[in-house]
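This report concerns only the one structure given below.
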Amino acid sequence: MTDVVDAPLQSLLDAAQAWERDDVDDVDKAELRALRARAQGGAPGAVQAQAELRDRFAATLQFGTAGLRGAMAAGPNRMNRAVVIGAASGLGAYLLSVLPRGTRPRVVVGFDARHRSVDFARDTAAVMTAQGIEVLLMPSPLPTPVLSFAVRSLEADAGVMVTASHNPAADNGYKVYLGGRVVTDAGQGAQIVPPHDAHIAEKIAAVGPAVAVPRAEAGWTVLGDQVVEDYVASVLALRDDAPRDLRIVTTSLHGVGGQVLARVLEEAGFEDVVPVEEQRHPDPDFPSVVFPNPEEKGAIDMAIAVAQDGHADIVIANDPDADRCAVAVRDVRMGTYQGAETATSQGWRMLHGDEVGALLGDDVASRAGVEGDTSADDRPVLANSVVSSRLLAAIATRHGLAHATTLTGFKWIARTPGLVFGYEEALGYCVDPARVRDKDGISAALLVAQLANRLKASGRGLIDRLDDLAREHGLYLTDQLSVRFEDLAGIPAAMARLRAEPPTTLAGSPVVDVLDLAQGEDGLPPTDGMRLLTEDGTRVIVRPSGTEPKVKCYLEVVRDLAADATFEAVGVARLEARATLATLKHDVAKALGL
């Protein structure tokens, strides 16, 4: 805790007044002034206002490998124009310091449709233009994958995407990519990793008050529609030539991906596409969902209901910045006649990220084309994060490809040398790393639709293909226990409890290996997390989230299956594995003291 937090109220009010004096935004100034007034009064709400001020001034919003992300409000521990101006100035100073003297860096800046995103993007352009940097600003709110694509296609030294992805409406964020002449290896065009983040943070810390940071009135370039045209063309390069016979329901969850996805699917030949009208257009308030994250319970219920009513074959959902892709299908084994008749009772369910990762990984691997005596070092690579399913490694082996396990996050996955496909279970898939070195929910959606379309032509579906993979490799079933903390101190406390007293059994199987991922073993850099393995192959990985106040527990159960297992036998195995996962959740929660 800083001195400001522990200081008396007057010192806190003085700090807020100083911030207000140095701020650049009249709305933020007025809001902070009103908060100070409430904190000083004796009326109801003073205690809450003081607590809010203490939180806003408890620390400075930290710039790291996830860039910046937080709630929008005035103060150093919030997302606002003053904080963004400091971040832009620090990033610009870093680029100028690492490139040869006299070299003019090129930066492309994108933004989504959240509140203040366009303001933060324009401030970034104004600050960097004043520094002598060439700035290319996106023409409108666009998906994150378009920005990721532009970093490489426009040979930019850096990219900035203003987005909070799938966070609540009150949040915004600032994501940074490096490429061009700054990063020239396999990570060119990917999100930042150490030590770049620390060096940029040092430059940000040296920036003075926002009001004193020079900002140009003009001089940056607003890109035309060609950047979107080029991105769409790059995605369409992945299309196959199979006749189309698939009804698709789509939703962008009030985000910026709807128009681009609709165009990609239409130009790829999918004519029977039904968008969820209530969620079709960007809306920064996300009125129809509590959390605009397809992983959250209920987020795509509206799309599934439309699919049930319209007899669709598949649901495809993007998160608000369209870098994630969720898929839902009808699984007859999940149907029930108990209770009210709904889409869920009819068997509609969202596929787990690991299921989609296996489907797409197998699909990409089948076309990767290993020929002759390709050396181990030259084989195409499938990669996934350490918390994702181990099934992808088995798929890679079957196709004669290499496999890599990375730390969590696409900043690690996307920079894997030789990568042809990468994914993480949080609905992120990189199916075209040569063009987009990040997760891309638009290109992933196209490949999923094409796979479902080809399967339908032979009277089958995605569930049938998942059964095939289970017969070929064994049944890998995954789930997640995610716990949100209001008090952030509870997160390290839960991790410390697990480290001090790891469980000896999980779901009835003895724990045979406990690995503290902070030690950096298994060829991975150190990271805060724990991995537990049991005698029957069950795996549990526990780690704090990098973007949300959560502890996430990643659970995987593995069961052997006969190569000729019947549809019914696979279904029974899945039911048994799901029962084991339910017991596993309970045991892990108990071990964490939750």
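For the structure tokens, the naming scheme is as follows: chains receive sequential letters (A, B, ...) according to their order of presentation, residues are indexed from 1 within each chain, and ligands are indexed from 1 in presentation order.
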
Can you write out as a tab-separated table which residues of range 103-192 of chain A fall within 7 Å of range 249-271 of chain A, alongside each residue's closest atom pair and its distance in Å to one decimal, counting only C-alpha atoms and ordering rows by chain and ascending residue number?
residue	atom	partner	partner_atom	distance
A:Asp112	CA	A:Val256	CA	6.4
A:Ala113	CA	A:Val256	CA	6.6
A:Pro141	CA	A:Val256	CA	6.6
A:Leu142	CA	A:Val256	CA	5.6
A:Pro143	CA	A:Gly257	CA	5.5

- request: List every residue of range 344-528 of chain A that DSSP, applied to the backbone of this structure, places in helix (DSSP H, G or I), and write the result as an MDAnalysis selection string.
  value: chainID A and resid 353:366 376:378 391:398 410:413 441:457 462:473 490:500 517:519

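The closest residue to Glu424 in chain A, picked from A:Ala358, A:Val381, A:Ala457, A:Leu555 and counting only C-alpha atoms, is A:Ala358.
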
Neighbour list for Val162 in chain A as a list of chain:residue names, cut-off 9 Å, only C-alpha atoms, skip fewer than 6 positions in-chain:
A:Val109, A:Gly110, A:Phe111, A:Asp112, A:Arg114, A:Ser117, A:Val118, A:Phe120, A:Ala121, A:Thr144, A:Asn172, A:Gly173, A:Tyr174, A:Lys175, A:Val176

Can you list every residue of range 446-500 of chain A that has an atom at most 10 Å from range 321-342 of chain A, with its nearest atom pair and the distance in Å to one decimal, using only C-alpha atoms, ordered by chain then number, as JSON lines?
{"residue": "A:Val448", "atom": "CA", "partner": "A:Val327", "partner_atom": "CA", "distance": 8.2}
{"residue": "A:Ala449", "atom": "CA", "partner": "A:Val327", "partner_atom": "CA", "distance": 9.5}
{"residue": "A:Ala452", "atom": "CA", "partner": "A:Val329", "partner_atom": "CA", "distance": 9.9}
{"residue": "A:Gly461", "atom": "CA", "partner": "A:Val329", "partner_atom": "CA", "distance": 8.6}
{"residue": "A:Leu462", "atom": "CA", "partner": "A:Val329", "partner_atom": "CA", "distance": 7.7}
{"residue": "A:Ile463", "atom": "CA", "partner": "A:Asp331", "partner_atom": "CA", "distance": 6.7}
{"residue": "A:Asp464", "atom": "CA", "partner": "A:Asp331", "partner_atom": "CA", "distance": 9.4}

Dump N, CA and C atoms for the selected residues as a compact mmCIF listing (two decimals), in the first residue's frame?
# COMPACT_ATOMS: atom_id res chain seq x y z
N VAL A 448 -14.42 -23.32 -38.80
CA VAL A 448 -15.42 -24.14 -38.10
C VAL A 448 -16.64 -24.35 -39.00
N ALA A 449 -17.10 -23.29 -39.64
CA ALA A 449 -18.27 -23.41 -40.51
C ALA A 449 -17.98 -24.37 -41.66
N ALA A 452 -17.97 -27.99 -40.33
CA ALA A 452 -19.35 -28.44 -40.08
C ALA A 452 -20.09 -28.69 -41.39
N GLY A 461 -21.87 -34.60 -37.95
CA GLY A 461 -21.73 -33.28 -37.35
C GLY A 461 -20.47 -33.18 -36.52
N LEU A 462 -20.29 -32.02 -35.89
CA LEU A 462 -19.09 -31.80 -35.09
C LEU A 462 -19.01 -32.77 -33.91
N ILE A 463 -20.15 -33.12 -33.33
CA ILE A 463 -20.14 -34.08 -32.22
C ILE A 463 -19.62 -35.44 -32.70
N ASP A 464 -20.02 -35.84 -33.89
CA ASP A 464 -19.52 -37.11 -34.44
C ASP A 464 -18.00 -37.06 -34.63

Can you pull out the residues contacting Pro105 in chain A? Cut-off 10 Å, using only C-alpha atoms, and skip same-chain residues under 5 positions away; I want them as a PDB file with C-alpha atoms, in the first residue's frame.
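The result, written out as part10.pdb:
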ATOM      1  CA  GLY A  92       6.612   6.066 -28.249  1.00  0.00           C
ATOM      2  CA  LEU A  95      10.234   2.739 -29.879  1.00  0.00           C
ATOM      3  CA  LEU A  96      12.458   5.753 -30.482  1.00  0.00           C
ATOM      4  CA  VAL A  98      15.311   0.869 -29.617  1.00  0.00           C
ATOM      5  CA  LEU A  99      15.382   1.866 -33.277  1.00  0.00           C
ATOM      6  CA  PRO A 100      18.489   3.448 -34.814  1.00  0.00           C
ATOM      7  CA  MET A 128       2.978   9.759 -30.989  1.00  0.00           C
ATOM      8  CA  GLN A 131       7.011  12.555 -30.994  1.00  0.00           C
ATOM      9  CA  GLY A 132       7.761  12.290 -34.708  1.00  0.00           C
ATOM     10  CA  ILE A 133       6.272   8.802 -35.106  1.00  0.00           C
ATOM     11  CA  GLU A 134       4.306   7.803 -38.208  1.00  0.00           C
ATOM     12  CA  VAL A 135       0.826   6.875 -36.972  1.00  0.00           C
ATOM     13  CA  ALA A 156       4.438  -1.534 -38.477  1.00  0.00           C
ATOM     14  CA  ASP A 157       6.968  -1.449 -35.667  1.00  0.00           C
ATOM     15  CA  ALA A 158       4.136  -1.505 -33.142  1.00  0.00           C
ATOM     16  CA  GLY A 180       8.500  -4.418 -37.956  1.00  0.00           C
ATOM     17  CA  ARG A 181      12.079  -3.544 -37.054  1.00  0.00           C
ATOM     18  CA  VAL A 182      11.610  -3.931 -33.293  1.00  0.00           C
TER      19      VAL A 182
END

### Task
Identify, with DSSP run on backbone atoms, the residues in range 196-342 of chain A assigned to strand (DSSP E or B), and express the list as a ChimeraX atom specification.
/A:221-222,248-251,273-275,314-318,325-330

Output for the residues just chosen: N, CA and C atoms as a PDB file, in the first residue's frame:
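Just written: result23.pdb:
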ATOM      1  N   THR A 221      -2.227   9.566 -40.153  1.00  0.00           N
ATOM      2  CA  THR A 221      -2.970   9.119 -41.327  1.00  0.00           C
ATOM      3  C   THR A 221      -4.147   8.259 -40.895  1.00  0.00           C
ATOM      4  N   VAL A 222      -5.345   8.608 -41.321  1.00  0.00           N
ATOM      5  CA  VAL A 222      -6.511   7.764 -41.087  1.00  0.00           C
ATOM      6  C   VAL A 222      -6.611   6.803 -42.269  1.00  0.00           C
ATOM      7  N   ILE A 248     -26.465 -21.215 -40.269  1.00  0.00           N
ATOM      8  CA  ILE A 248     -25.631 -20.704 -39.193  1.00  0.00           C
ATOM      9  C   ILE A 248     -26.345 -19.559 -38.485  1.00  0.00           C
ATOM     10  N   VAL A 249     -26.351 -19.584 -37.164  1.00  0.00           N
ATOM     11  CA  VAL A 249     -26.780 -18.439 -36.359  1.00  0.00           C
ATOM     12  C   VAL A 249     -25.533 -17.774 -35.805  1.00  0.00           C
ATOM     13  N   THR A 250     -25.449 -16.454 -35.938  1.00  0.00           N
ATOM     14  CA  THR A 250     -24.270 -15.731 -35.457  1.00  0.00           C
ATOM     15  C   THR A 250     -24.675 -14.659 -34.457  1.00  0.00           C
ATOM     16  N   THR A 251     -23.740 -14.339 -33.573  1.00  0.00           N
ATOM     17  CA  THR A 251     -23.899 -13.188 -32.688  1.00  0.00           C
ATOM     18  C   THR A 251     -22.539 -12.570 -32.431  1.00  0.00           C
ATOM     19  N   VAL A 273     -27.348 -17.583 -43.281  1.00  0.00           N
ATOM     20  CA  VAL A 273     -26.748 -17.089 -42.040  1.00  0.00           C
ATOM     21  C   VAL A 273     -27.745 -16.153 -41.361  1.00  0.00           C
ATOM     22  N   VAL A 274     -28.062 -16.441 -40.092  1.00  0.00           N
ATOM     23  CA  VAL A 274     -29.072 -15.683 -39.356  1.00  0.00           C
ATOM     24  C   VAL A 274     -28.410 -15.009 -38.150  1.00  0.00           C
ATOM     25  N   PRO A 275     -28.258 -13.692 -38.171  1.00  0.00           N
ATOM     26  CA  PRO A 275     -27.692 -13.014 -36.998  1.00  0.00           C
ATOM     27  C   PRO A 275     -28.740 -12.810 -35.910  1.00  0.00           C
ATOM     28  N   ILE A 314     -25.660 -24.809 -36.519  1.00  0.00           N
ATOM     29  CA  ILE A 314     -24.528 -24.400 -35.688  1.00  0.00           C
ATOM     30  C   ILE A 314     -24.724 -22.952 -35.257  1.00  0.00           C
ATOM     31  N   VAL A 315     -24.189 -22.620 -34.089  1.00  0.00           N
ATOM     32  CA  VAL A 315     -24.124 -21.241 -33.603  1.00  0.00           C
ATOM     33  C   VAL A 315     -22.667 -20.828 -33.554  1.00  0.00           C
ATOM     34  N   ILE A 316     -22.376 -19.654 -34.062  1.00  0.00           N
ATOM     35  CA  ILE A 316     -21.027 -19.087 -33.965  1.00  0.00           C
ATOM     36  C   ILE A 316     -21.142 -17.737 -33.274  1.00  0.00           C
ATOM     37  N   ALA A 317     -20.414 -17.574 -32.181  1.00  0.00           N
ATOM     38  CA  ALA A 317     -20.455 -16.332 -31.413  1.00  0.00           C
ATOM     39  C   ALA A 317     -19.047 -15.770 -31.281  1.00  0.00           C
ATOM     40  N   ASN A 318     -18.925 -14.473 -31.516  1.00  0.00           N
ATOM     41  CA  ASN A 318     -17.672 -13.774 -31.245  1.00  0.00           C
ATOM     42  C   ASN A 318     -17.823 -12.945 -29.986  1.00  0.00           C
ATOM     43  N   CYS A 325     -13.837 -17.015 -30.493  1.00  0.00           N
ATOM     44  CA  CYS A 325     -14.916 -17.651 -31.251  1.00  0.00           C
ATOM     45  C   CYS A 325     -15.512 -18.775 -30.418  1.00  0.00           C
ATOM     46  N   ALA A 326     -16.809 -18.683 -30.148  1.00  0.00           N
ATOM     47  CA  ALA A 326     -17.527 -19.747 -29.453  1.00  0.00           C
ATOM     48  C   ALA A 326     -18.415 -20.481 -30.446  1.00  0.00           C
ATOM     49  N   VAL A 327     -18.598 -21.780 -30.211  1.00  0.00           N
ATOM     50  CA  VAL A 327     -19.369 -22.631 -31.113  1.00  0.00           C
ATOM     51  C   VAL A 327     -20.376 -23.430 -30.292  1.00  0.00           C
ATOM     52  N   ALA A 328     -21.612 -23.445 -30.748  1.00  0.00           N
ATOM     53  CA  ALA A 328     -22.640 -24.267 -30.099  1.00  0.00           C
ATOM     54  C   ALA A 328     -23.306 -25.151 -31.149  1.00  0.00           C
ATOM     55  N   VAL A 329     -23.622 -26.369 -30.739  1.00  0.00           N
ATOM     56  CA  VAL A 329     -24.286 -27.335 -31.622  1.00  0.00           C
ATOM     57  C   VAL A 329     -25.312 -28.109 -30.802  1.00  0.00           C
ATOM     58  N   ARG A 330     -26.130 -28.869 -31.504  1.00  0.00           N
ATOM     59  CA  ARG A 330     -27.087 -29.735 -30.804  1.00  0.00           C
ATOM     60  C   ARG A 330     -26.441 -31.096 -30.593  1.00  0.00           C
TER      61      ARG A 330
END

Self-check item: Close residues, Ala365 in chain A itself excluded, 12 Å, only C-alpha atoms, min 4 positions apart in chain, as JSON, numbers by chain
Solution: {"A": [357, 358, 359, 360, 361, 369, 370, 379, 380, 381, 382, 383, 392, 393, 394, 395, 396, 397, 398, 399, 400, 401, 402, 403, 419, 420, 421, 422, 431]}

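When the distance limit is 12 Å and only C-alpha atoms are what count, the residues near range 489-492 of chain A, minus those fewer than 6 positions from it on the same chain, are Met1, Ser482, Val483, Leu498, Arg499, Asp528, Gly529, Val542, Arg543, Pro544, Ser545, Gly546, Glu548, Pro549, Lys550, Val551, Lys552, Leu592, Gly593 and Leu594 of chain A.
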
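Of the listed residues A:Leu9, A:Pro243, A:Ala201, A:Gly224, the one whose atoms come nearest to Ala46 in chain A is A:Leu9, with distances taken using only C-alpha atoms.
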